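Trainee: Handing you this structure, nothing more for now.
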Amino acid sequence: MYIQTSWLGEFFKHSLLLAGAVVVLLPFYLMLSYSMKSPAEIETNTGGFFGAQQIMTDNRCVKVGNPEEDCLKRPIVYNYTAAFKEAPLVRYMLNGVFVTVSIFIIQVIIALPCAYALSKLRFWGRNVVFGMVIFCLLIPVHAIALPLYIMLAKVGLTNTYAALIVPWSISVFGIFLMRQFFMTVPDDLIDAARMDGMSEFSIVWQVMLPTAVPALLAFGIFSVVAHWNDYYWPRVVITGNKDLMTPPLGLRMFKSDMDGNEYGPMMAATTVIVLPLVIIFLLAQRRFIEGITMTGMK
Amino acid sequence: MASIALSRVTKSYGGQSVINGVDLDIHDGEFLTLVGPSGCGKSTTLRIIAGLETQTAGDVSIDGSLVNETRPSLRDLAMVFQSYALYPHLTVRQNLITPLRLRDLNFWERFPLLGHLVPSRRAKMAQIEKEVQLVSETLKIEPLLARKPGQLSGGQRQRVALGRAMVRNPAAFLMDEPLSNLDASLRVHMRAELSALHKKLKTTFVYVTHDQAEALTMSDRIAVMMDGDLLQLGSPEEVYQNPQDIRVAEFIGSPKMNILPGYCDELGNITCAGFSLDGTLEIPSPGPVSVGFRPEHLTLTEPNADQSLAGKLTYKENLGSDVFFHITQEGIEGSIIIRAQPLISTPQQPGDIIHCTPVPGKPLVFGPDGQRLDFKALAQSGTSS
């Protein structure tokens, strides 16, 4: 059915959407732009998006006592090298990768069998257990942060990778999401696997896991983004050891280390931290669609 | 090859009974079809044989040994599912290898990566590859081996599902409506192929369908199930010509049997729709009865013939090889269907009053409880069967 729309309505709709887009995208625009500009350009707000990229003098480099001709740099090079030099950004990022990947793997290892049992096995009290899973979705992290912290402190796990990983190892959201997906997997497939002689354990890993790739990718995006960007929990459990800092925490350290107006290197660091997420998302998005078309059910 | 026996098998879900004590002996090497309308318990019966469901009471035995507690995979049966249930992430070849790999390789030989280092694996895998090759040649699916199920047509998936069942060389095949997802012409084609396959393999086939045509064309014996009961077990001819229950009579045969209300007197003579049948009941059961006529057992006659059944033609269905006349008569619910040769049929038009008589000896009489009553045609009619 074709609906006649007035141009005024369309105009209103689009301007609203554009305004929304500006609110969301402007910070990213500024981040990218500042990461390429010289301090002077940032201060005076000149140079457009890329900045003029005129050779500038690195004041710090001069202060340390180097001859001035050795301290001439393009702003973009200066910002990005400073970002990596001033703080152990690579270390933070590796920490971030280790923590988020560990969390995701453990979450999958726990969520898949749970979801399988909740969706495909008949046992007494199944609905009650599922109700509890749903209930757990309602509990905010911040509400249980203090008891969790105390527990971790008692067993002496604060300031370790374990403190960053263990509290997130069971994802009720993951269990819920996978359970909903498994509900759509035909029972015949599982029965066929049983007739072929697979154990329930092999069914989970050899039949359900491969068919659930699209759903796992969706869950992976949620999980990785949430824990890569998490500032709150690392801030609580990583109190002294700078070697364990994740990118968002590191960024904070980085900021306080720098001179007040060194926005360029800071924005460069932020860009570097955001970049992996954007890349992962773009890759996963393509795989996501592939995954859906790959499943040849029915 | 195996015989399968069910004895007094019942199944109920939360107090609701879906199978009420089924006794069934499936002979070694026979093609037995469980047929019935949806929800009659036929699929559940098959799943109980497979071990995918546990019966509430009763025994299942395969080749004489009780398998009540045996896991599905250890019963040595293979199942073909309606939705084919192929592993969507594996190629056709891997789909065919999987059941053999699980049966023939031990835990260490199946272990990812490390399994390749186990010395005994190589010979076993070669044997498996050979068997897969053999089956794919039989089913002519060799060109598809590298594809995934998603890239196959319905008919091709059907073959692969059959192949996955065949590679294991099982004691019996269980098939749960395997043809119902195929289009009509392919279904007819696959019927013949399945029959041929059964003759070739000489293995027991237990086939579940709601399509009575499939049951009649392929089976050695048919088991008609309804409402959780096994109503009749017999050869296709017997079930068609000699149904023991009015529900079987109505279910088997297309178009379905005409059932007319009749009345039986003290002597066992039956009157129905204004004329009396040429025969009597062996044991008279005075009172109302139901009389069944197959459409092909009614013949068109001249209006003045005595003992004819008259009705108004409402619809003429021309199938080319046959013409079905739908006629209605006052006082009778629904329409009566008559099957006729197309040459005979031409002049009548909807709205005409037409007459027909039953072929002597063919009417079937059922009591008020739906059970078949022993009706004997009169000897002098000469055509009693």
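Chain labels A, B, ... are given in the sequence in which chains occur in the structure tokens; within each chain residues are numbered consecutively from 1, and ligands are likewise numbered from 1 in the order shown.
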If we count only C-alpha atoms and set the cut-off at 12 Å, which residues sit around Leu197 (chain B), ignoring sequence neighbours fewer than 5 positions away in its own chain? Please answer as a PyMOL selection string.
Mentor: chain B and resi 29+31+135+138-139+159+162-163+166+173+190-192+202-205+218
Trainee: Please, could you write that set of residues out with N, CA and C atoms as a PDB file, in the first residue's frame?
Mentor:
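part-v6.pdb, written as the output of this step:
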ATOM      1  N   GLY B  29      12.194 -57.530   7.878  1.00  0.00           N
ATOM      2  CA  GLY B  29      12.266 -57.221   6.455  1.00  0.00           C
ATOM      3  C   GLY B  29      10.997 -56.680   5.841  1.00  0.00           C
ATOM      4  N   PHE B  31       7.831 -53.922   5.090  1.00  0.00           N
ATOM      5  CA  PHE B  31       7.589 -52.481   5.007  1.00  0.00           C
ATOM      6  C   PHE B  31       6.245 -52.251   5.686  1.00  0.00           C
ATOM      7  N   VAL B 135      27.157 -45.617  -0.594  1.00  0.00           N
ATOM      8  CA  VAL B 135      25.790 -45.137  -0.394  1.00  0.00           C
ATOM      9  C   VAL B 135      25.484 -43.991  -1.340  1.00  0.00           C
ATOM     10  N   THR B 138      24.664 -45.351  -4.656  1.00  0.00           N
ATOM     11  CA  THR B 138      23.325 -45.950  -4.678  1.00  0.00           C
ATOM     12  C   THR B 138      22.262 -44.877  -4.828  1.00  0.00           C
ATOM     13  N   LEU B 139      22.425 -43.789  -4.090  1.00  0.00           N
ATOM     14  CA  LEU B 139      21.389 -42.750  -4.083  1.00  0.00           C
ATOM     15  C   LEU B 139      21.649 -41.668  -5.131  1.00  0.00           C
ATOM     16  N   ARG B 159      17.185 -37.123  -0.181  1.00  0.00           N
ATOM     17  CA  ARG B 159      18.093 -38.206  -0.516  1.00  0.00           C
ATOM     18  C   ARG B 159      19.247 -38.271   0.471  1.00  0.00           C
ATOM     19  N   LEU B 162      18.174 -39.754   3.618  1.00  0.00           N
ATOM     20  CA  LEU B 162      18.055 -41.196   3.430  1.00  0.00           C
ATOM     21  C   LEU B 162      19.444 -41.840   3.486  1.00  0.00           C
ATOM     22  N   GLY B 163      20.395 -41.147   2.839  1.00  0.00           N
ATOM     23  CA  GLY B 163      21.767 -41.655   2.824  1.00  0.00           C
ATOM     24  C   GLY B 163      22.357 -41.711   4.218  1.00  0.00           C
ATOM     25  N   MET B 166      21.129 -44.684   5.693  1.00  0.00           N
ATOM     26  CA  MET B 166      21.595 -45.928   5.063  1.00  0.00           C
ATOM     27  C   MET B 166      23.033 -46.285   5.406  1.00  0.00           C
ATOM     28  N   PHE B 173      14.832 -49.242   9.441  1.00  0.00           N
ATOM     29  CA  PHE B 173      14.680 -47.811   9.145  1.00  0.00           C
ATOM     30  C   PHE B 173      13.373 -47.321   9.736  1.00  0.00           C
ATOM     31  N   MET B 190       9.258 -40.410  -5.441  1.00  0.00           N
ATOM     32  CA  MET B 190      10.015 -40.940  -4.306  1.00  0.00           C
ATOM     33  C   MET B 190       9.338 -42.174  -3.717  1.00  0.00           C
ATOM     34  N   ARG B 191       8.014 -42.246  -3.855  1.00  0.00           N
ATOM     35  CA  ARG B 191       7.288 -43.425  -3.381  1.00  0.00           C
ATOM     36  C   ARG B 191       7.837 -44.678  -4.045  1.00  0.00           C
ATOM     37  N   ALA B 192       7.968 -44.583  -5.365  1.00  0.00           N
ATOM     38  CA  ALA B 192       8.471 -45.729  -6.124  1.00  0.00           C
ATOM     39  C   ALA B 192       9.920 -46.010  -5.724  1.00  0.00           C
ATOM     40  N   LYS B 202      16.266 -55.026   1.643  1.00  0.00           N
ATOM     41  CA  LYS B 202      15.625 -56.128   2.391  1.00  0.00           C
ATOM     42  C   LYS B 202      15.686 -55.908   3.899  1.00  0.00           C
ATOM     43  N   THR B 203      15.572 -54.642   4.298  1.00  0.00           N
ATOM     44  CA  THR B 203      15.609 -54.308   5.714  1.00  0.00           C
ATOM     45  C   THR B 203      14.200 -53.931   6.162  1.00  0.00           C
ATOM     46  N   THR B 204      13.974 -54.023   7.457  1.00  0.00           N
ATOM     47  CA  THR B 204      12.681 -53.626   8.001  1.00  0.00           C
ATOM     48  C   THR B 204      12.502 -52.116   7.847  1.00  0.00           C
ATOM     49  N   PHE B 205      11.372 -51.702   7.310  1.00  0.00           N
ATOM     50  CA  PHE B 205      11.042 -50.275   7.221  1.00  0.00           C
ATOM     51  C   PHE B 205       9.803 -50.019   8.071  1.00  0.00           C
ATOM     52  N   MET B 218       2.988 -48.313  -0.890  1.00  0.00           N
ATOM     53  CA  MET B 218       4.324 -48.806  -0.576  1.00  0.00           C
ATOM     54  C   MET B 218       4.364 -50.011   0.360  1.00  0.00           C
TER      55      MET B 218
END
Trainee: I'd like the contact shell of Leu277 (chain A) - 10 Å cut-off, only C-alpha atoms, skipping same-chain residues fewer than 6 positions apart - returned as a PyMOL selection string.
Mentor: chain A and resi 221+224-225+228-229+283
Trainee: For those residues, write all heavy atoms to a file as an mmCIF file, in the first residue's frame.
Mentor:
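What landed in out.cif:
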data_model
loop_
_atom_site.group_PDB
_atom_site.id
_atom_site.type_symbol
_atom_site.label_atom_id
_atom_site.label_comp_id
_atom_site.auth_asym_id
_atom_site.auth_seq_id
_atom_site.Cartn_x
_atom_site.Cartn_y
_atom_site.Cartn_z
ATOM 1 N N ILE A 221 29.055 -9.294 20.329
ATOM 2 C CA ILE A 221 29.146 -7.839 20.190
ATOM 3 C C ILE A 221 28.737 -7.170 21.502
ATOM 4 O O ILE A 221 29.435 -6.300 22.022
ATOM 5 C CB ILE A 221 28.259 -7.351 19.018
ATOM 6 C CG1 ILE A 221 28.887 -7.782 17.699
ATOM 7 C CG2 ILE A 221 28.096 -5.840 19.056
ATOM 8 C CD1 ILE A 221 28.042 -7.507 16.488
ATOM 9 N N VAL A 224 31.545 -8.075 24.289
ATOM 10 C CA VAL A 224 32.853 -7.445 24.099
ATOM 11 C C VAL A 224 32.752 -5.926 24.267
ATOM 12 O O VAL A 224 33.570 -5.315 24.952
ATOM 13 C CB VAL A 224 33.432 -7.829 22.714
ATOM 14 C CG1 VAL A 224 34.622 -6.956 22.375
ATOM 15 C CG2 VAL A 224 33.819 -9.298 22.703
ATOM 16 N N VAL A 225 31.733 -5.321 23.678
ATOM 17 C CA VAL A 225 31.592 -3.874 23.785
ATOM 18 C C VAL A 225 31.413 -3.472 25.258
ATOM 19 O O VAL A 225 32.062 -2.552 25.757
ATOM 20 C CB VAL A 225 30.406 -3.363 22.942
ATOM 21 C CG1 VAL A 225 30.085 -1.921 23.275
ATOM 22 C CG2 VAL A 225 30.718 -3.508 21.475
ATOM 23 N N TRP A 228 34.845 -4.156 27.134
ATOM 24 C CA TRP A 228 35.951 -3.328 26.636
ATOM 25 C C TRP A 228 35.760 -1.897 27.147
ATOM 26 O O TRP A 228 36.702 -1.239 27.567
ATOM 27 C CB TRP A 228 35.964 -3.364 25.109
ATOM 28 C CG TRP A 228 37.035 -2.528 24.468
ATOM 29 C CD1 TRP A 228 36.947 -1.220 24.114
ATOM 30 C CD2 TRP A 228 38.362 -2.948 24.143
ATOM 31 N NE1 TRP A 228 38.120 -0.792 23.573
ATOM 32 C CE2 TRP A 228 39.019 -1.846 23.566
ATOM 33 C CE3 TRP A 228 39.054 -4.162 24.258
ATOM 34 C CZ2 TRP A 228 40.340 -1.907 23.128
ATOM 35 C CZ3 TRP A 228 40.366 -4.216 23.810
ATOM 36 C CH2 TRP A 228 41.003 -3.099 23.260
ATOM 37 N N ASN A 229 34.535 -1.451 27.118
ATOM 38 C CA ASN A 229 34.252 -0.069 27.513
ATOM 39 C C ASN A 229 34.052 0.105 29.007
ATOM 40 O O ASN A 229 33.910 1.230 29.478
ATOM 41 C CB ASN A 229 32.968 0.413 26.821
ATOM 42 C CG ASN A 229 33.206 0.706 25.364
ATOM 43 O OD1 ASN A 229 34.352 0.876 24.941
ATOM 44 N ND2 ASN A 229 32.139 0.759 24.592
ATOM 45 N N LEU A 283 33.472 -6.204 10.993
ATOM 46 C CA LEU A 283 33.730 -7.585 10.577
ATOM 47 C C LEU A 283 32.579 -8.495 10.989
ATOM 48 O O LEU A 283 32.087 -9.294 10.209
ATOM 49 C CB LEU A 283 35.034 -8.093 11.201
ATOM 50 C CG LEU A 283 36.327 -7.514 10.646
ATOM 51 C CD1 LEU A 283 37.514 -8.065 11.408
ATOM 52 C CD2 LEU A 283 36.462 -7.841 9.160
#
Trainee: Distance limit 9 Å, atoms considered: only C-alpha atoms. Which chain B residues sit that close to chain A? Return them as a compact mmCIF listing (two decimals) with N, CA, C and O atoms, in the first residue's frame.
Mentor:
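After the write, iface.txt holds the following:
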# COMPACT_ATOMS: atom_id res chain seq x y z
N ALA B 50 12.11 -45.80 18.40
CA ALA B 50 13.46 -45.25 18.24
C ALA B 50 14.16 -45.06 19.59
O ALA B 50 15.39 -45.02 19.65
N GLY B 51 13.38 -44.89 20.64
CA GLY B 51 13.97 -44.63 21.95
C GLY B 51 14.07 -43.14 22.25
O GLY B 51 14.67 -42.75 23.25
N LEU B 52 13.49 -42.31 21.38
CA LEU B 52 13.54 -40.87 21.63
C LEU B 52 12.50 -40.46 22.66
O LEU B 52 12.58 -39.41 23.27
N ARG B 71 19.60 -46.89 25.01
CA ARG B 71 19.70 -45.57 24.38
C ARG B 71 19.39 -45.67 22.88
O ARG B 71 19.67 -46.69 22.28
N PRO B 72 18.86 -44.56 22.29
CA PRO B 72 18.51 -44.60 20.87
C PRO B 72 19.67 -45.09 19.99
O PRO B 72 19.47 -45.92 19.11
N SER B 73 20.87 -44.59 20.26
CA SER B 73 21.98 -44.90 19.36
C SER B 73 22.37 -46.37 19.44
O SER B 73 22.97 -46.91 18.52
N LEU B 74 22.06 -47.04 20.56
CA LEU B 74 22.47 -48.43 20.72
C LEU B 74 21.40 -49.40 20.22
O LEU B 74 21.60 -50.61 20.27
N ARG B 75 20.27 -48.88 19.74
CA ARG B 75 19.23 -49.78 19.24
C ARG B 75 19.47 -50.19 17.81
O ARG B 75 18.74 -50.99 17.26
N ASP B 76 20.49 -49.59 17.18
CA ASP B 76 20.85 -49.91 15.81
C ASP B 76 19.69 -49.65 14.84
O ASP B 76 19.41 -50.46 13.95
N LEU B 77 19.01 -48.54 15.04
CA LEU B 77 17.95 -48.13 14.12
C LEU B 77 18.38 -46.82 13.50
O LEU B 77 19.16 -46.08 14.09
N ALA B 78 17.88 -46.52 12.31
CA ALA B 78 18.16 -45.21 11.71
C ALA B 78 16.84 -44.54 11.42
O ALA B 78 15.86 -45.20 11.11
N MET B 79 16.83 -43.24 11.56
CA MET B 79 15.57 -42.53 11.41
C MET B 79 15.70 -41.45 10.34
O MET B 79 16.72 -40.77 10.26
N VAL B 80 14.67 -41.30 9.55
CA VAL B 80 14.61 -40.21 8.58
C VAL B 80 13.48 -39.28 9.03
O VAL B 80 12.36 -39.73 9.25
N PHE B 81 13.80 -38.02 9.17
CA PHE B 81 12.83 -37.08 9.73
C PHE B 81 12.12 -36.30 8.63
O PHE B 81 12.66 -36.12 7.54
N GLN B 82 10.96 -35.79 8.99
CA GLN B 82 10.18 -34.99 8.04
C GLN B 82 10.96 -33.76 7.59
O GLN B 82 10.97 -33.40 6.43
N SER B 83 11.64 -33.11 8.56
CA SER B 83 12.39 -31.90 8.21
C SER B 83 13.82 -32.24 7.78
O SER B 83 14.66 -31.37 7.71
N TYR B 84 14.08 -33.52 7.54
CA TYR B 84 15.38 -34.05 7.13
C TYR B 84 16.43 -33.97 8.23
O TYR B 84 17.24 -34.86 8.38
N ALA B 85 16.41 -32.85 9.01
CA ALA B 85 17.32 -32.73 10.15
C ALA B 85 18.77 -33.00 9.79
O ALA B 85 19.48 -33.69 10.50
N LEU B 86 19.21 -32.45 8.66
CA LEU B 86 20.64 -32.55 8.32
C LEU B 86 21.39 -31.50 9.12
O LEU B 86 20.85 -30.45 9.44
N TYR B 87 22.65 -31.81 9.44
CA TYR B 87 23.45 -30.81 10.16
C TYR B 87 23.74 -29.66 9.20
O TYR B 87 24.43 -29.85 8.21
N PRO B 88 23.21 -28.47 9.49
CA PRO B 88 23.29 -27.40 8.49
C PRO B 88 24.71 -26.88 8.27
O PRO B 88 25.00 -26.35 7.22
N HIS B 89 25.60 -27.09 9.26
CA HIS B 89 26.94 -26.52 9.13
C HIS B 89 27.92 -27.49 8.49
O HIS B 89 29.06 -27.15 8.27
N THR B 98 29.22 -38.50 9.71
CA THR B 98 29.01 -38.34 11.16
C THR B 98 28.49 -39.59 11.88
O THR B 98 29.10 -40.00 12.86
N PRO B 99 27.41 -40.22 11.42
CA PRO B 99 26.95 -41.39 12.19
C PRO B 99 27.98 -42.52 12.24
O PRO B 99 28.10 -43.19 13.27
N LEU B 100 28.74 -42.68 11.16
CA LEU B 100 29.75 -43.75 11.14
C LEU B 100 30.91 -43.41 12.05
O LEU B 100 31.44 -44.26 12.77
N LEU B 102 30.80 -41.60 14.67
CA LEU B 102 30.39 -41.75 16.07
C LEU B 102 30.29 -43.22 16.45
O LEU B 102 30.50 -43.58 17.61
N ARG B 103 29.98 -44.07 15.49
CA ARG B 103 29.81 -45.47 15.83
C ARG B 103 31.15 -46.21 15.84
O ARG B 103 31.42 -47.01 16.73
N LYS B 148 26.59 -27.88 1.07
CA LYS B 148 25.95 -27.87 2.39
C LYS B 148 24.43 -28.02 2.19
O LYS B 148 23.91 -27.67 1.14
N PRO B 149 23.73 -28.50 3.21
CA PRO B 149 22.28 -28.73 3.06
C PRO B 149 21.53 -27.50 2.57
O PRO B 149 20.58 -27.64 1.80
N GLY B 150 21.99 -26.31 2.97
CA GLY B 150 21.31 -25.09 2.55
C GLY B 150 21.32 -24.88 1.05
O GLY B 150 20.51 -24.13 0.52
N GLN B 151 22.28 -25.54 0.37
CA GLN B 151 22.40 -25.33 -1.08
C GLN B 151 21.67 -26.41 -1.87
O GLN B 151 21.81 -26.48 -3.08
N LEU B 152 20.92 -27.25 -1.17
CA LEU B 152 20.25 -28.36 -1.86
C LEU B 152 18.75 -28.10 -1.98
O LEU B 152 18.17 -27.38 -1.17
N GLY B 154 14.75 -29.55 -1.97
CA GLY B 154 14.06 -30.44 -1.03
C GLY B 154 14.29 -31.91 -1.34
O GLY B 154 14.58 -32.71 -0.46
N ALA B 165 20.82 -42.23 6.87
CA ALA B 165 20.26 -43.38 7.56
C ALA B 165 20.87 -44.67 7.02
O ALA B 165 21.14 -45.60 7.77
N ARG B 168 24.70 -46.39 7.94
CA ARG B 168 24.93 -47.18 9.15
C ARG B 168 24.52 -48.64 8.96
O ARG B 168 24.77 -49.46 9.82
Trainee: What gap, in Å, lies between CA of Ile336 (chain B) and CA of Pro295 (chain B)?
Mentor: 8.0 Å
Trainee: Compile the contact shell of region 272-275 of chain A as a count of residues only: residues with an atom at most 12 Å away, counting only C-alpha atoms, same-chain residues fewer than 2 positions apart removed.
Mentor: 39
Trainee: Near region 66-70 of chain B, within 10 Å and counting only C-alpha atoms, which residues show up once chain neighbours fewer than 5 positions away are dropped, as an mmCIF file with C-alpha atoms, in the first residue's frame?
Mentor:
data_model
loop_
_atom_site.group_PDB
_atom_site.id
_atom_site.type_symbol
_atom_site.label_atom_id
_atom_site.label_comp_id
_atom_site.auth_asym_id
_atom_site.auth_seq_id
_atom_site.Cartn_x
_atom_site.Cartn_y
_atom_site.Cartn_z
ATOM 1 C CA ILE B 4 10.318 -55.196 16.227
ATOM 2 C CA ALA B 5 7.623 -55.935 18.748
ATOM 3 C CA LEU B 6 5.533 -53.578 20.837
ATOM 4 C CA ILE B 48 9.065 -44.868 21.229
ATOM 5 C CA ILE B 49 10.501 -47.538 18.912
ATOM 6 C CA ALA B 50 13.464 -45.250 18.243
ATOM 7 C CA GLY B 51 13.967 -44.628 21.945
ATOM 8 C CA THR B 54 10.001 -43.442 26.776
ATOM 9 C CA GLN B 55 6.723 -45.303 26.941
ATOM 10 C CA ALA B 57 4.043 -48.639 30.204
ATOM 11 C CA GLY B 58 4.601 -51.671 28.018
ATOM 12 C CA ASP B 59 7.584 -53.231 26.315
ATOM 13 C CA VAL B 60 9.517 -52.652 23.133
ATOM 14 C CA SER B 61 11.758 -55.394 21.859
ATOM 15 C CA ARG B 75 19.229 -49.775 19.242
#
Trainee: As a PyMOL selection string, which residues of region 128-190 of chain B does DSSP assign to strand (DSSP E or B)?
Mentor: chain B and resi 172-176
Trainee: Applying 10 Å and only C-alpha atoms, which residues near region 156-167 of chain A remain after dropping the ones on its own chain fewer than 5 positions away? List them as a PyMOL selection string.
Mentor: chain A and resi 95-96+98-104+106-107+141+145+148-151+227+233-246
Trainee: Generate the output file for the selected residues, N, CA, C and O atoms, as a CSV table (one decimal), in the first residue's frame.
Mentor:
chain,number,residue,atom,x,y,z
A,95,ASN,N,45.7,-5.8,27.7
A,95,ASN,CA,44.9,-6.2,28.9
A,95,ASN,C,43.4,-6.3,28.5
A,95,ASN,O,42.7,-7.2,28.8
A,96,GLY,N,43.0,-5.3,27.7
A,96,GLY,CA,41.6,-5.2,27.3
A,96,GLY,C,41.2,-6.4,26.5
A,96,GLY,O,40.2,-7.1,26.7
A,98,PHE,N,42.8,-9.4,26.4
A,98,PHE,CA,42.8,-10.6,27.2
A,98,PHE,C,41.5,-10.7,28.1
A,98,PHE,O,40.9,-11.7,28.1
A,99,VAL,N,41.2,-9.6,28.7
A,99,VAL,CA,40.0,-9.6,29.6
A,99,VAL,C,38.7,-9.9,28.9
A,99,VAL,O,38.0,-10.8,29.2
A,100,THR,N,38.5,-9.1,27.8
A,100,THR,CA,37.2,-9.3,27.1
A,100,THR,C,37.1,-10.6,26.4
A,100,THR,O,36.1,-11.3,26.5
A,101,VAL,N,38.2,-11.1,25.8
A,101,VAL,CA,38.1,-12.4,25.2
A,101,VAL,C,37.9,-13.5,26.2
A,101,VAL,O,37.1,-14.4,26.0
A,102,SER,N,38.6,-13.4,27.3
A,102,SER,CA,38.4,-14.5,28.4
A,102,SER,C,37.0,-14.5,28.9
A,102,SER,O,36.4,-15.5,29.0
A,103,ILE,N,36.5,-13.3,29.1
A,103,ILE,CA,35.1,-13.2,29.6
A,103,ILE,C,34.2,-13.8,28.6
A,103,ILE,O,33.3,-14.7,28.9
A,104,PHE,N,34.3,-13.5,27.3
A,104,PHE,CA,33.4,-14.0,26.3
A,104,PHE,C,33.5,-15.5,26.2
A,104,PHE,O,32.5,-16.2,26.2
A,106,ILE,N,34.5,-17.7,28.5
A,106,ILE,CA,33.9,-18.4,29.6
A,106,ILE,C,32.4,-18.2,29.6
A,106,ILE,O,31.7,-19.2,29.9
A,107,GLN,N,31.9,-17.1,29.3
A,107,GLN,CA,30.4,-16.9,29.2
A,107,GLN,C,29.8,-17.9,28.2
A,107,GLN,O,28.8,-18.5,28.5
A,141,VAL,N,24.4,-4.3,38.1
A,141,VAL,CA,25.8,-4.6,38.6
A,141,VAL,C,26.1,-3.8,39.8
A,141,VAL,O,26.7,-4.3,40.8
A,145,ALA,N,28.0,-4.7,43.5
A,145,ALA,CA,29.4,-4.4,43.4
A,145,ALA,C,30.1,-4.5,44.7
A,145,ALA,O,31.2,-5.1,44.8
A,148,LEU,N,30.5,-8.0,46.0
A,148,LEU,CA,31.4,-8.7,45.1
A,148,LEU,C,32.8,-8.3,45.5
A,148,LEU,O,33.7,-9.2,45.5
A,149,TYR,N,33.0,-7.0,45.6
A,149,TYR,CA,34.4,-6.5,45.9
A,149,TYR,C,34.9,-7.1,47.2
A,149,TYR,O,36.1,-7.6,47.3
A,150,ILE,N,34.0,-7.2,48.2
A,150,ILE,CA,34.5,-7.7,49.5
A,150,ILE,C,34.8,-9.2,49.4
A,150,ILE,O,35.9,-9.6,49.9
A,151,MET,N,34.0,-9.9,48.7
A,151,MET,CA,34.3,-11.3,48.5
A,151,MET,C,35.7,-11.5,47.8
A,151,MET,O,36.5,-12.3,48.2
A,227,HIS,N,32.4,-5.0,28.0
A,227,HIS,CA,33.5,-5.2,28.9
A,227,HIS,C,34.8,-4.4,28.4
A,227,HIS,O,35.6,-4.1,29.2
A,233,TRP,N,33.8,-1.3,36.8
A,233,TRP,CA,34.3,-2.4,37.5
A,233,TRP,C,35.9,-2.4,37.6
A,233,TRP,O,36.4,-2.6,38.7
A,234,PRO,N,36.6,-2.2,36.5
A,234,PRO,CA,38.1,-2.2,36.7
A,234,PRO,C,38.5,-1.1,37.7
A,234,PRO,O,39.4,-1.3,38.4
A,235,ARG,N,37.8,0.0,37.7
A,235,ARG,CA,38.1,1.1,38.6
A,235,ARG,C,38.0,0.6,40.1
A,235,ARG,O,38.7,1.0,41.0
A,236,VAL,N,37.0,-0.3,40.3
A,236,VAL,CA,36.8,-0.8,41.7
A,236,VAL,C,37.8,-1.8,42.1
A,236,VAL,O,38.4,-1.7,43.2
A,237,VAL,N,38.2,-2.8,41.2
A,237,VAL,CA,39.0,-3.8,41.6
A,237,VAL,C,40.5,-3.6,41.3
A,237,VAL,O,41.4,-4.3,41.9
A,238,ILE,N,40.8,-2.7,40.4
A,238,ILE,CA,42.2,-2.5,40.1
A,238,ILE,C,42.6,-1.2,40.8
A,238,ILE,O,42.3,-0.1,40.3
A,239,THR,N,43.2,-1.3,42.0
A,239,THR,CA,43.5,-0.1,42.8
A,239,THR,C,44.9,0.4,42.7
A,239,THR,O,45.2,1.6,42.7
A,240,GLY,N,45.9,-0.6,42.5
A,240,GLY,CA,47.2,-0.1,42.6
A,240,GLY,C,48.0,-0.5,41.3
A,240,GLY,O,48.7,0.4,40.7
A,241,ASN,N,47.8,-1.7,40.8
A,241,ASN,CA,48.7,-2.2,39.8
A,241,ASN,C,48.4,-1.6,38.4
A,241,ASN,O,47.4,-2.0,37.8
A,242,LYS,N,49.2,-0.7,37.9
A,242,LYS,CA,48.9,-0.1,36.6
A,242,LYS,C,49.1,-1.1,35.5
A,242,LYS,O,48.5,-0.8,34.4
A,243,ASP,N,49.8,-2.2,35.7
A,243,ASP,CA,50.0,-3.1,34.6
A,243,ASP,C,48.7,-3.9,34.2
A,243,ASP,O,48.6,-4.5,33.2
A,244,LEU,N,47.7,-3.8,35.1
A,244,LEU,CA,46.5,-4.6,34.9
A,244,LEU,C,45.4,-3.7,34.3
A,244,LEU,O,44.2,-4.1,34.1
A,245,MET,N,45.7,-2.4,34.0
A,245,MET,CA,44.6,-1.5,33.6
A,245,MET,C,44.1,-1.8,32.2
A,245,MET,O,44.9,-2.1,31.3
A,246,THR,N,42.8,-1.6,32.1
A,246,THR,CA,42.1,-1.8,30.8
A,246,THR,C,42.1,-0.5,30.1
A,246,THR,O,42.3,0.6,30.8
Trainee: To test your reading of the structure, identify every residue in region 117-252 of chain B that backbone DSSP assigns to helix (DSSP H, G or I), and report it as a PyMOL selection string.
Mentor: chain B and resi 117+121-139+142-144+149-151+154-166+184-201+212-218+236-241+246-251
Trainee: From the list A:Ser202, A:Ser6, A:Asn45, A:Ser33, which residue is nearest Pro75 (chain A) when using only C-alpha atoms?
Mentor: A:Ser33
Trainee: Rank B:Asp229, B:Glu109, B:Asp176, B:Asp220 by their smallest atom-to-atom distance to Met125 (chain B), using only C-alpha atoms, and report the top residue only.
Mentor: B:Glu109
Trainee: Give me the residues within 8 Å of region 128-134 of chain B as a ChimeraX atom specification, counting only C-alpha atoms and dropping any in the same chain fewer than 5 places off.
Mentor: /B:93,96-97,100-101,142,167
Trainee: Might you pull out every residue within 10 Å of Thr57 (chain A), with only C-alpha atoms counted and same-chain residues fewer than 2 positions away left off, and present them as a ChimeraX atom specification?
Mentor: /A:38,54-55,59-62,68-75,78
